[in-house]
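The next block is upload_1.txt, given as compact mmCIF, C-alpha atoms.
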```txt
# COMPACT_ATOMS: atom_id res chain seq x y z
CA ILE A 1 -30.10 -61.63 -98.74
CA LEU A 2 -32.52 -59.74 -101.01
CA PHE A 3 -32.90 -56.02 -100.26
CA ASN A 4 -35.45 -53.77 -101.98
CA ILE A 5 -33.86 -50.49 -103.11
CA THR A 6 -36.74 -48.67 -104.87
CA GLY A 7 -40.44 -47.92 -104.53
CA ALA A 8 -42.83 -47.87 -101.59
CA SER A 9 -41.37 -51.12 -100.19
CA ILE A 10 -37.82 -49.76 -100.09
CA GLY A 11 -35.84 -51.33 -97.26
CA ARG A 12 -37.82 -54.59 -97.22
CA CYS A 13 -35.44 -57.50 -96.75
CA ALA A 14 -35.58 -61.32 -96.84
CA VAL A 15 -33.24 -64.29 -96.74
CA VAL A 16 -33.50 -66.76 -99.62
CA PRO A 17 -33.96 -70.29 -98.21
CA THR A 18 -31.17 -72.77 -98.97
CA THR A 19 -33.69 -75.05 -100.65
CA PHE A 20 -34.75 -72.38 -103.16
CA ASP A 21 -33.93 -72.91 -106.84
CA GLU A 22 -31.98 -70.28 -108.76
CA ALA A 23 -33.84 -67.23 -110.07
CA ASN A 24 -33.22 -63.72 -111.31
CA VAL A 25 -34.05 -60.44 -109.53
CA SER A 26 -35.38 -57.21 -111.03
CA GLN A 27 -33.60 -53.85 -110.94
CA HIS A 28 -35.62 -52.96 -107.82
CA VAL A 29 -33.79 -55.56 -105.71
CA THR A 30 -30.15 -55.91 -104.81
CA ILE A 31 -28.45 -59.16 -103.72
CA ILE A 32 -26.30 -59.07 -100.60
CA ARG A 33 -23.89 -62.01 -100.17
CA PRO A 34 -21.88 -61.98 -96.92
CA THR A 35 -18.28 -63.16 -97.13
CA LEU A 36 -19.09 -65.66 -94.39
CA PRO A 37 -22.45 -67.42 -94.87
CA THR A 38 -22.69 -67.88 -91.10
CA VAL A 39 -23.11 -64.10 -90.76
CA THR A 40 -26.32 -64.10 -92.86
CA PRO A 41 -28.94 -64.65 -90.07
CA TYR A 42 -27.47 -61.91 -87.89
CA LEU A 43 -26.97 -59.48 -90.79
CA HIS A 44 -30.62 -59.98 -91.78
CA LEU A 45 -31.68 -58.88 -88.27
CA VAL A 46 -29.49 -55.79 -88.57
CA LEU A 47 -30.95 -54.87 -91.97
CA ILE A 48 -34.56 -55.08 -90.76
CA SER A 49 -33.79 -53.24 -87.52
CA PRO A 50 -35.13 -49.69 -86.88
CA HIS A 51 -31.51 -48.44 -87.04
CA VAL A 52 -31.00 -49.48 -90.67
CA GLN A 53 -34.59 -48.82 -91.75
CA GLN A 54 -34.37 -45.23 -90.49
CA THR A 55 -31.05 -44.82 -92.32
CA VAL A 56 -32.77 -45.95 -95.52
CA MET A 57 -35.46 -43.29 -95.05
CA ASP A 58 -32.80 -40.63 -94.34
CA VAL A 59 -30.64 -41.22 -97.43
CA GLN A 60 -33.18 -42.23 -100.08
CA VAL A 61 -33.67 -39.89 -103.04
CA GLY A 62 -36.57 -39.21 -105.42
CA VAL A 63 -40.06 -37.68 -105.10
CA SER A 64 -42.42 -39.87 -107.14
CA ARG A 65 -40.38 -43.02 -106.57
CA GLU A 66 -37.93 -43.54 -103.73
CA GLY A 67 -34.51 -44.96 -104.53
CA LEU A 68 -31.36 -46.13 -102.74
CA SER A 69 -28.09 -46.67 -104.56
CA ILE A 70 -25.97 -49.74 -103.90
CA GLY A 71 -23.08 -47.39 -103.17
CA LYS A 72 -24.96 -45.72 -100.30
CA LEU A 73 -26.14 -49.07 -98.99
CA GLY A 74 -22.52 -50.23 -98.88
CA GLN A 75 -21.63 -47.27 -96.63
CA PHE A 76 -24.18 -48.14 -93.92
CA LEU A 77 -22.62 -48.62 -90.48
CA VAL A 78 -23.56 -51.92 -88.83
CA PRO A 79 -22.58 -53.31 -85.40
CA ILE A 80 -20.69 -56.60 -85.59
CA PRO A 81 -20.36 -58.75 -82.43
CA PRO A 82 -18.18 -61.87 -82.21
CA LEU A 83 -19.43 -64.73 -84.39
CA ALA A 84 -20.46 -66.87 -81.42
CA GLU A 85 -22.47 -63.99 -79.94
CA GLN A 86 -24.20 -63.46 -83.29
CA SER A 87 -25.59 -66.99 -83.04
CA ARG A 88 -26.76 -66.36 -79.47
CA ILE A 89 -28.45 -63.09 -80.54
CA VAL A 90 -30.26 -64.77 -83.44
CA ALA A 91 -31.42 -67.62 -81.20
CA ARG A 92 -32.68 -65.19 -78.55
CA VAL A 93 -34.53 -63.02 -81.10
CA GLU A 94 -36.23 -66.10 -82.59
CA GLU A 95 -37.28 -67.21 -79.10
CA LEU A 96 -38.74 -63.80 -78.21
CA MET A 97 -40.43 -63.39 -81.59
CA ALA A 98 -42.12 -66.77 -81.11
CA LEU A 99 -43.32 -65.57 -77.71
CA CYS A 100 -44.67 -62.35 -79.29
CA ASP A 101 -46.53 -64.38 -81.92
CA ALA A 102 -48.04 -66.60 -79.21
CA LEU A 103 -49.10 -63.56 -77.15
CA GLU A 104 -50.65 -61.92 -80.21
CA GLU A 105 -52.58 -65.06 -81.08
CA LYS A 106 -53.76 -65.45 -77.48
CA GLY A 107 -54.75 -61.77 -77.46
CA ARG A 108 -56.89 -62.26 -80.56
CA LEU A 109 -58.55 -65.27 -79.01
CA VAL A 110 -59.20 -63.47 -75.72
CA ALA A 111 -60.53 -60.40 -77.58
CA ALA A 112 -62.95 -62.54 -79.60
CA GLN A 113 -64.22 -64.27 -76.46
CA HIS A 114 -64.58 -60.93 -74.68
CA GLU A 115 -66.51 -59.47 -77.63
CA ARG A 116 -68.95 -62.39 -77.64
CA LEU A 117 -69.55 -62.15 -73.89
CA ALA A 118 -69.87 -58.35 -73.80
CA GLY A 119 -72.04 -58.37 -76.93
CA ALA A 120 -74.46 -60.89 -75.48
CA LEU A 121 -74.80 -59.07 -72.14
CA PHE A 122 -75.08 -55.55 -73.55
CA ASP A 123 -77.51 -56.60 -76.31
CA ALA A 124 -79.72 -58.31 -73.73
CA LEU A 125 -79.67 -55.14 -71.62
CA ALA A 126 -80.46 -52.88 -74.60
CA ASN A 127 -83.37 -55.07 -75.73
CA SER A 128 -85.02 -55.37 -72.31
CA SER A 129 -88.79 -55.43 -72.64
CA SER A 130 -89.50 -54.13 -69.12
CA ALA A 131 -87.86 -52.20 -66.32
CA GLU A 132 -87.63 -55.40 -64.28
CA GLU A 133 -85.86 -57.24 -67.11
CA ALA A 134 -83.45 -54.31 -67.58
CA ALA A 135 -82.61 -54.38 -63.87
CA GLU A 136 -81.96 -58.12 -64.06
CA HIS A 137 -79.60 -57.76 -67.04
CA TRP A 138 -77.83 -54.85 -65.37
CA GLN A 139 -77.16 -56.98 -62.30
CA ARG A 140 -75.40 -59.53 -64.51
CA ILE A 141 -73.20 -56.80 -65.98
CA ALA A 142 -72.49 -55.26 -62.57
CA ALA A 143 -71.31 -58.65 -61.27
CA HIS A 144 -68.55 -58.68 -63.94
CA PHE A 145 -68.07 -54.94 -64.32
CA ASP A 146 -64.25 -54.83 -64.17
CA LEU A 147 -63.93 -57.85 -66.46
CA LEU A 148 -66.34 -56.50 -69.09
CA LEU A 149 -65.33 -52.85 -69.16
CA ASP A 150 -61.57 -53.32 -69.43
CA ARG A 151 -61.26 -51.92 -72.98
CA PRO A 152 -62.60 -48.87 -74.86
CA THR A 153 -64.76 -50.88 -77.27
CA ALA A 154 -66.71 -52.34 -74.35
CA VAL A 155 -67.34 -48.87 -72.91
CA ASP A 156 -68.64 -47.81 -76.33
CA ARG A 157 -70.99 -50.82 -76.30
CA LEU A 158 -72.23 -49.78 -72.87
CA GLU A 159 -72.94 -46.24 -74.11
CA GLN A 160 -74.92 -47.62 -77.04
CA ALA A 161 -76.90 -49.84 -74.68
CA ILE A 162 -77.71 -46.78 -72.56
CA LEU A 163 -79.07 -44.99 -75.63
CA GLN A 164 -81.11 -48.04 -76.57
CA LEU A 165 -82.66 -48.11 -73.11
CA ALA A 166 -83.45 -44.41 -73.41
CA VAL A 167 -85.16 -44.93 -76.78
CA ARG A 168 -87.17 -47.88 -75.50
CA GLY A 169 -88.31 -46.08 -72.33
CA ARG A 170 -86.35 -48.30 -69.93
CA LEU A 171 -83.80 -45.79 -68.62
CA VAL A 172 -85.94 -43.87 -66.12
CA PRO A 173 -89.19 -44.85 -64.38
CA GLN A 174 -92.50 -43.61 -65.77
CA ASN A 175 -94.71 -41.26 -63.74
CA PRO A 176 -98.44 -41.97 -64.21
CA ALA A 177 -99.14 -38.32 -63.35
CA ASP A 178 -97.29 -37.09 -66.47
CA GLU A 179 -99.46 -35.78 -69.30
CA PRO A 180 -99.38 -38.51 -71.99
CA ALA A 181 -97.51 -38.10 -75.26
CA SER A 182 -100.80 -38.14 -77.19
CA ALA A 183 -101.65 -34.77 -75.61
CA LEU A 184 -98.15 -33.51 -76.40
CA LEU A 185 -98.54 -34.43 -80.09
CA GLN A 186 -101.86 -32.59 -80.19
CA LYS A 187 -100.16 -29.44 -78.78
CA ILE A 188 -97.53 -29.64 -81.52
CA ARG A 189 -100.25 -30.04 -84.16
CA THR A 190 -102.03 -26.97 -82.78
CA GLU A 191 -98.76 -25.03 -82.80
CA LYS A 192 -98.16 -25.94 -86.46
CA ASP A 193 -101.71 -25.03 -87.49
CA ARG A 194 -101.34 -21.61 -85.84
CA LEU A 195 -98.03 -20.91 -87.62
CA ILE A 196 -99.52 -22.01 -90.96
CA ALA A 197 -102.59 -19.81 -90.46
CA THR A 198 -100.41 -16.75 -89.75
CA GLY A 199 -98.17 -17.43 -92.77
CA GLN A 200 -95.09 -18.24 -90.69
CA LEU A 201 -95.00 -21.85 -91.85
CA LYS A 202 -95.75 -23.68 -95.08
CA ARG A 203 -98.09 -26.64 -95.01
CA ASP A 204 -96.20 -29.90 -95.55
CA LYS A 205 -97.47 -32.96 -97.38
CA PRO A 206 -99.27 -35.29 -94.94
CA LEU A 207 -97.02 -37.95 -93.46
CA PRO A 208 -98.13 -41.59 -93.45
CA PRO A 209 -99.33 -42.78 -90.03
CA VAL A 210 -97.16 -45.28 -88.17
CA SER A 211 -98.67 -48.73 -88.74
CA ASP A 212 -98.56 -51.52 -86.18
CA GLU A 213 -96.39 -53.57 -88.56
CA GLU A 214 -93.70 -50.86 -88.55
CA LYS A 215 -93.35 -50.61 -84.78
CA PRO A 216 -90.10 -52.39 -83.83
CA PHE A 217 -90.96 -52.76 -80.13
CA ALA A 218 -93.64 -51.92 -77.58
CA LEU A 219 -93.45 -48.57 -75.81
CA PRO A 220 -94.31 -47.85 -72.16
CA ASP A 221 -97.73 -46.55 -71.21
CA GLY A 222 -98.07 -42.86 -72.02
CA TRP A 223 -95.61 -43.00 -74.96
CA GLU A 224 -96.52 -42.78 -78.66
CA TRP A 225 -94.88 -43.53 -82.00
CA ALA A 226 -94.69 -40.62 -84.48
CA ARG A 227 -92.91 -39.50 -87.63
CA PHE A 228 -89.98 -37.15 -87.03
CA GLY A 229 -91.66 -34.67 -89.35
CA GLU A 230 -94.56 -34.35 -86.89
CA LEU A 231 -92.11 -32.76 -84.42
CA ILE A 232 -90.33 -30.53 -86.97
CA LEU A 233 -91.66 -27.09 -87.81
CA SER A 234 -89.29 -26.26 -90.68
CA SER A 235 -85.91 -27.04 -92.21
CA ASP A 236 -83.34 -25.36 -94.43
CA ALA A 237 -80.05 -26.33 -96.08
CA GLY A 238 -76.89 -24.31 -96.45
CA TRP A 239 -74.62 -23.04 -99.22
CA SER A 240 -71.44 -24.50 -100.70
CA PRO A 241 -69.38 -21.88 -102.52
CA SER A 242 -65.85 -22.59 -103.74
CA CYS A 243 -63.88 -22.14 -100.50
CA GLU A 244 -60.27 -21.99 -99.45
CA SER A 245 -58.68 -25.32 -98.52
CA THR A 246 -57.79 -24.06 -95.04
CA PRO A 247 -59.98 -23.15 -92.03
CA ARG A 248 -60.93 -19.54 -91.43
CA GLU A 249 -58.78 -17.36 -89.21
CA GLY A 250 -59.93 -14.90 -86.58
CA ASN A 251 -63.20 -13.19 -87.44
CA GLU A 252 -63.36 -14.42 -91.04
CA TRP A 253 -66.44 -16.12 -92.44
CA GLY A 254 -66.26 -19.87 -92.91
CA VAL A 255 -68.39 -22.73 -94.28
CA LEU A 256 -68.83 -25.84 -92.14
CA LYS A 257 -67.81 -29.26 -93.43
CA VAL A 258 -69.92 -32.36 -92.74
CA SER A 259 -67.23 -33.47 -90.27
CA ALA A 260 -68.42 -30.64 -88.02
CA VAL A 261 -71.58 -32.65 -87.22
CA SER A 262 -70.45 -36.27 -87.69
CA TRP A 263 -68.99 -37.27 -84.34
CA GLY A 264 -71.63 -36.66 -81.70
CA GLU A 265 -70.47 -33.14 -80.85
CA PHE A 266 -70.39 -29.85 -82.75
CA ARG A 267 -66.88 -29.16 -84.07
CA PRO A 268 -66.75 -25.57 -85.36
CA GLU A 269 -63.06 -25.89 -86.25
CA GLU A 270 -64.10 -28.20 -89.10
CA ASN A 271 -64.66 -25.44 -91.64
CA LYS A 272 -63.22 -23.85 -94.77
CA ALA A 273 -62.57 -20.14 -95.11
CA LEU A 274 -64.80 -18.13 -97.42
CA PRO A 275 -62.66 -16.49 -100.14
CA ALA A 276 -62.21 -12.73 -99.82
CA GLY A 277 -64.04 -12.08 -103.10
CA LEU A 278 -67.30 -13.74 -101.99
CA PHE A 279 -69.98 -12.12 -99.84
CA PRO A 280 -71.34 -14.25 -96.96
CA LYS A 281 -74.99 -15.23 -96.71
CA PRO A 282 -75.98 -14.51 -93.09
CA GLU A 283 -79.24 -16.48 -93.44
CA PHE A 284 -77.12 -19.65 -93.39
CA GLU A 285 -75.14 -18.67 -90.30
CA VAL A 286 -75.32 -21.23 -87.47
CA LYS A 287 -77.11 -19.84 -84.43
CA PRO A 288 -77.09 -21.01 -80.78
CA GLU A 289 -79.04 -24.24 -80.18
CA ASP A 290 -79.39 -25.04 -83.90
CA PHE A 291 -80.18 -28.71 -84.60
CA LEU A 292 -77.84 -29.66 -87.48
CA LEU A 293 -77.90 -32.87 -89.52
CA SER A 294 -75.70 -34.06 -92.40
CA ARG A 295 -77.57 -35.09 -95.53
CA ALA A 296 -74.48 -36.52 -97.29
CA ASN A 297 -71.75 -38.68 -95.79
CA THR A 298 -70.59 -42.28 -95.54
CA GLU A 299 -73.16 -45.00 -94.89
CA GLU A 300 -72.41 -45.06 -91.17
CA LEU A 301 -72.27 -41.28 -90.71
CA VAL A 302 -74.99 -39.93 -93.01
CA ALA A 303 -77.81 -38.13 -91.14
CA ARG A 304 -75.80 -37.90 -87.91
CA SER A 305 -76.86 -34.84 -85.92
CA VAL A 306 -75.57 -32.43 -83.28
CA ILE A 307 -76.84 -29.39 -81.44
CA ALA A 308 -74.67 -26.29 -81.77
CA TRP A 309 -75.28 -25.03 -78.25
CA GLU A 310 -72.87 -22.06 -78.31
CA PRO A 311 -71.37 -21.76 -81.80
CA PRO A 312 -68.85 -19.06 -82.67
CA GLY A 313 -70.18 -16.47 -85.08
CA ARG A 314 -69.68 -16.24 -88.84
CA LEU A 315 -69.93 -19.95 -89.61
CA MET A 316 -72.36 -20.94 -92.36
CA MET A 317 -73.91 -24.31 -93.14
CA SER A 318 -72.82 -26.00 -96.34
CA ASP A 319 -75.46 -27.40 -98.68
CA LYS A 320 -74.69 -30.85 -97.24
CA LEU A 321 -76.01 -29.75 -93.84
CA ILE A 322 -79.66 -29.35 -92.86
CA ARG A 323 -80.96 -27.24 -89.99
CA LEU A 324 -84.10 -28.57 -88.32
CA ARG A 325 -86.40 -26.31 -86.34
CA LEU A 326 -88.13 -28.52 -83.78
CA SER A 327 -91.26 -27.73 -81.83
CA SER A 328 -90.78 -25.90 -78.56
CA HIS A 329 -92.87 -28.60 -76.85
CA ILE A 330 -90.17 -31.26 -77.14
CA ASP A 331 -86.62 -31.60 -75.82
CA LYS A 332 -84.31 -31.25 -78.83
CA ALA A 333 -81.42 -32.84 -76.89
CA LEU A 334 -83.41 -36.06 -76.57
CA TYR A 335 -84.22 -36.12 -80.28
CA CYS A 336 -80.59 -35.58 -81.18
CA GLU A 337 -79.86 -38.74 -79.17
CA ILE A 338 -82.76 -40.60 -80.81
CA ASN A 339 -81.64 -39.51 -84.28
CA ASN A 340 -78.15 -40.90 -83.57
CA SER A 341 -79.38 -44.11 -81.94
CA ARG A 342 -79.18 -47.56 -83.53
CA LEU A 343 -82.90 -47.44 -84.30
CA SER A 344 -82.45 -44.39 -86.55
CA ARG A 345 -79.08 -45.49 -87.93
CA ASP A 346 -80.62 -48.69 -89.29
CA TYR A 347 -83.44 -46.70 -90.90
CA TYR A 348 -81.09 -44.21 -92.59
CA ILE A 349 -78.75 -46.93 -93.89
CA VAL A 350 -81.67 -48.68 -95.57
CA ASN A 351 -83.28 -45.51 -96.97
CA ALA A 352 -80.22 -43.48 -98.00
CA SER A 353 -79.60 -43.15 -101.74
CA GLY A 354 -76.31 -43.69 -103.55
CA THR A 355 -74.56 -46.78 -104.87
CA SER A 356 -71.33 -46.36 -102.91
CA SER A 357 -71.15 -46.88 -99.13
CA SER A 358 -68.54 -44.12 -99.00
CA MET A 359 -71.08 -41.49 -100.15
CA LYS A 360 -74.74 -41.76 -99.21
CA ASN A 361 -77.47 -39.11 -99.28
CA VAL A 362 -80.72 -38.69 -97.40
CA SER A 363 -83.52 -36.50 -98.64
CA ARG A 364 -85.71 -34.23 -96.55
CA GLU A 365 -88.58 -36.67 -97.15
CA VAL A 366 -86.56 -39.55 -95.66
CA ILE A 367 -85.75 -37.47 -92.57
CA LEU A 368 -89.38 -36.47 -92.06
CA LYS A 369 -90.57 -40.09 -92.34
CA LEU A 370 -88.18 -41.37 -89.65
CA MET A 371 -90.22 -43.18 -86.98
CA VAL A 372 -89.45 -41.90 -83.46
CA PRO A 373 -90.77 -42.69 -79.97
CA VAL A 374 -92.40 -39.80 -78.12
CA PRO A 375 -92.33 -39.83 -74.29
CA PRO A 376 -94.34 -37.43 -72.12
CA ALA A 377 -92.63 -34.02 -71.89
CA PRO A 378 -91.52 -34.31 -68.23
CA GLU A 379 -90.03 -37.75 -68.90
CA GLN A 380 -88.07 -36.36 -71.86
CA SER A 381 -86.20 -34.06 -69.48
CA ARG A 382 -85.55 -36.89 -67.03
CA ILE A 383 -84.16 -39.10 -69.82
CA VAL A 384 -81.81 -36.36 -71.07
CA ALA A 385 -80.48 -35.77 -67.55
CA ARG A 386 -79.95 -39.50 -66.96
CA VAL A 387 -78.18 -39.99 -70.30
CA ALA A 388 -75.85 -37.07 -69.53
CA GLU A 389 -75.08 -38.54 -66.12
CA LEU A 390 -74.30 -42.02 -67.48
CA ARG A 391 -72.34 -40.65 -70.44
CA ALA A 392 -70.13 -38.74 -67.99
CA LEU A 393 -69.41 -42.06 -66.25
CA CYS A 394 -68.47 -43.58 -69.62
CA VAL A 395 -66.04 -40.71 -70.18
CA GLN A 396 -64.50 -41.44 -66.79
CA LEU A 397 -64.14 -45.11 -67.75
CA HIS A 398 -62.42 -44.15 -71.00
CA ASN A 399 -60.05 -41.85 -69.12
CA ARG A 400 -59.26 -44.57 -66.59
CA LEU A 401 -58.47 -47.06 -69.36
CA ALA A 402 -56.25 -44.50 -71.11
CA THR A 403 -54.35 -43.90 -67.87
CA THR A 404 -53.97 -47.66 -67.32
CA ALA A 405 -52.69 -48.10 -70.88
CA GLN A 406 -50.10 -45.34 -70.35
CA THR A 407 -48.97 -46.95 -67.09
CA ARG A 408 -48.61 -50.33 -68.80
CA SER A 409 -46.65 -48.74 -71.64
CA ARG A 410 -44.23 -47.04 -69.25
CA LEU A 411 -43.81 -50.28 -67.31
CA ALA A 412 -43.12 -52.22 -70.51
CA GLU A 413 -40.53 -49.67 -71.59
CA ALA A 414 -38.82 -49.84 -68.20
CA LEU A 415 -38.72 -53.65 -68.27
CA LEU A 416 -37.37 -53.58 -71.83
CA GLU A 417 -34.65 -51.15 -70.83
CA GLN A 418 -33.63 -53.45 -67.98
CA ALA A 419 -33.69 -56.51 -70.24
CA VAL A 420 -31.35 -55.01 -72.83
CA ALA A 421 -29.10 -53.07 -70.43
```
So that I can check it, write out the structure of this file as structure tokens.
Amino acid sequence: ILFNITGASIGRCAVVPTTFDEANVSQHVTIIRPTLPTVTPYLHLVLISPHVQQTVMDVQVGVSREGLSIGKLGQFLVPIPPLAEQSRIVARVEELMALCDALEEKGRLVAAQHERLAGALFDALANSSSAEEAAEHWQRIAAHFDLLLDRPTAVDRLEQAILQLAVRGRLVPQNPADEPASALLQKIRTEKDRLIATGQLKRDKPLPPVSDEEKPFALPDGWEWARFGELILSSDAGWSPSCESTPREGNEWGVLKVSAVSWGEFRPEENKALPAGLFPKPEFEVKPEDFLLSRANTEELVARSVIAWEPPGRLMMSDKLIRLRLSSHIDKALYCEINNSRLSRDYYIVNASGTSSSMKNVSREVILKLMVPVPPAPEQSRIVARVAELRALCVQLHNRLATTAQTRSRLAEALLEQAVA
């Protein structure tokens, strides 16, 4: 038996096959030769058991490199049953391990099949070209609801499909009486011109119009395509002083990390305390209902956004965060959803700068050029309400799956206790 006694793999153990030719071992490995060769299979099980592995962790020494002396290894206590029972134990373990391997392989196969089925159904729903087609695809999903939504990843797929329907205008019915989005865009343009004329806003460079070739799908009647910058009045970035490594305490000032805006909800606890010797800059303090977006993050998380509905005071944006001031004529909650949707994610991934996928950056120009759908104002409110309603159902599904998983775990533990009693 070869037993590793140093390094990160300390405690690893293997039996040398009888057909193996002779070889030497390094100083990191010790050779264990039982007095009776017939004990070897059982002793190997003991050495790889949690009992012995935990003992290894408890008695090892060293900081940069773990080590276990042969003397300490020789003092380990091991349970020794009669020789005949050792053989029965080894045979039973091999039988159960083979069953575990088969279950794991079957689980991988079932998971792959489930992913293909769920992916096909949810993608078809998300890409529906009409309300009638969306209803048809939803009926297919509803017919197999319990089968499809039996794992968290499937619920996540459903939530993404809901957002896709919202972006495409297929989540709520249109009302012909609503003022069209073209009129809404004109109101925003008038609002901007007034603020520029009174010196409250700087004039931006003109944004390129959305060409027919750029439009990824057709929008419902009354909707329009626009650049995100057409809906944004102004933007500002934060400040990144040299901070403490720990979060602020009490009423201290803190600087937000990008993780505060990366996960679909504002997380004010993700901050670093401002050192006592530095004065805060209140102009960068996050205010209620601020629309915050990260300009630097991983490829998948860069440009994610949140709305800080009720932030605690004395938290400043870092220079990796951007605050967008959107027009009062649009629903900022809807555009936070649109900015985080697959449509926008694909755009940001393509247009972010940086050679490493672990650190990408988006410029203000890239954000302003993002192409977004614009529904009529009343429909924006209906979409936000419907998304909130359906997202709450997704949360309930996640909670139900977590409860089921806990019940299964407790049942498995009880059955295991009975099996080994």
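The smallest atom-to-atom distance between Lys281 of chain A and any of A:Ser318, A:Ser259, A:Asp101, A:Val302, using all atoms listed in the file, is found for A:Ser318.
The environment of Gln60 of chain A within 12 Å, counting only C-alpha atoms and disregarding residues fewer than 2 places along the same chain, consists of Asn4, Ile5, Thr6, Gly7, Ala8, Ile10, Gly11, Gln53, Gln54, Thr55, Val56, Met57, Asp58, Gly62, Val63, Ser64, Arg65, Glu66, Gly67, Leu68, Ser69, Ile70, Gly71, Lys72 and Leu73 of chain A.
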All residues 9 Å or closer to segment 222-238 of chain A, all atoms listed in the file, same chain fewer than 2 positions away omitted, as a PyMOL selection string: chain A and resi 169+174+176+178-182+185+188-189+191-192+195+201-202+207-210+215+219-220+240+255+283-285+316-327+329-330+335+364-365+367-376
Residue contacts of segment 46-50 of chain A (12 Å, only C-alpha atoms) excluding same-chain residues fewer than 2 positions away, as a ChimeraX atom specification: /A:1-4,10-15,32,39-44,52-58,73-74,76-81,86,89-90,93
Go ahead and write the residues just picked, C-alpha atoms, as a CSV table (one decimal), in the frame of the given file.
```
chain,number,residue,atom,x,y,z
A,1,ILE,CA,-30.1,-61.6,-98.7
A,2,LEU,CA,-32.5,-59.7,-101.0
A,3,PHE,CA,-32.9,-56.0,-100.3
A,4,ASN,CA,-35.4,-53.8,-102.0
A,10,ILE,CA,-37.8,-49.8,-100.1
A,11,GLY,CA,-35.8,-51.3,-97.3
A,12,ARG,CA,-37.8,-54.6,-97.2
A,13,CYS,CA,-35.4,-57.5,-96.8
A,14,ALA,CA,-35.6,-61.3,-96.8
A,15,VAL,CA,-33.2,-64.3,-96.7
A,32,ILE,CA,-26.3,-59.1,-100.6
A,39,VAL,CA,-23.1,-64.1,-90.8
A,40,THR,CA,-26.3,-64.1,-92.9
A,41,PRO,CA,-28.9,-64.6,-90.1
A,42,TYR,CA,-27.5,-61.9,-87.9
A,43,LEU,CA,-27.0,-59.5,-90.8
A,44,HIS,CA,-30.6,-60.0,-91.8
A,52,VAL,CA,-31.0,-49.5,-90.7
A,53,GLN,CA,-34.6,-48.8,-91.8
A,54,GLN,CA,-34.4,-45.2,-90.5
A,55,THR,CA,-31.0,-44.8,-92.3
A,56,VAL,CA,-32.8,-46.0,-95.5
A,57,MET,CA,-35.5,-43.3,-95.0
A,58,ASP,CA,-32.8,-40.6,-94.3
A,73,LEU,CA,-26.1,-49.1,-99.0
A,74,GLY,CA,-22.5,-50.2,-98.9
A,76,PHE,CA,-24.2,-48.1,-93.9
A,77,LEU,CA,-22.6,-48.6,-90.5
A,78,VAL,CA,-23.6,-51.9,-88.8
A,79,PRO,CA,-22.6,-53.3,-85.4
A,80,ILE,CA,-20.7,-56.6,-85.6
A,81,PRO,CA,-20.4,-58.8,-82.4
A,86,GLN,CA,-24.2,-63.5,-83.3
A,89,ILE,CA,-28.4,-63.1,-80.5
A,90,VAL,CA,-30.3,-64.8,-83.4
A,93,VAL,CA,-34.5,-63.0,-81.1
```
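Put simply, atom CA of Arg168 of chain A is 8.2 Å away from atom CA of Ser129 of chain A.
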Output as AutoDock Vina command-line options the centre and edge lengths (Å, one decimal) of the box along x, y and z of the file that holds every listed atom of segment 289-299 of chain A after adding 5 Å on each side.
```
--center_x -75.4 --center_y -34.6 --center_z -88.7 --size_x 19.6 --size_y 30.8 --size_z 27.1
```
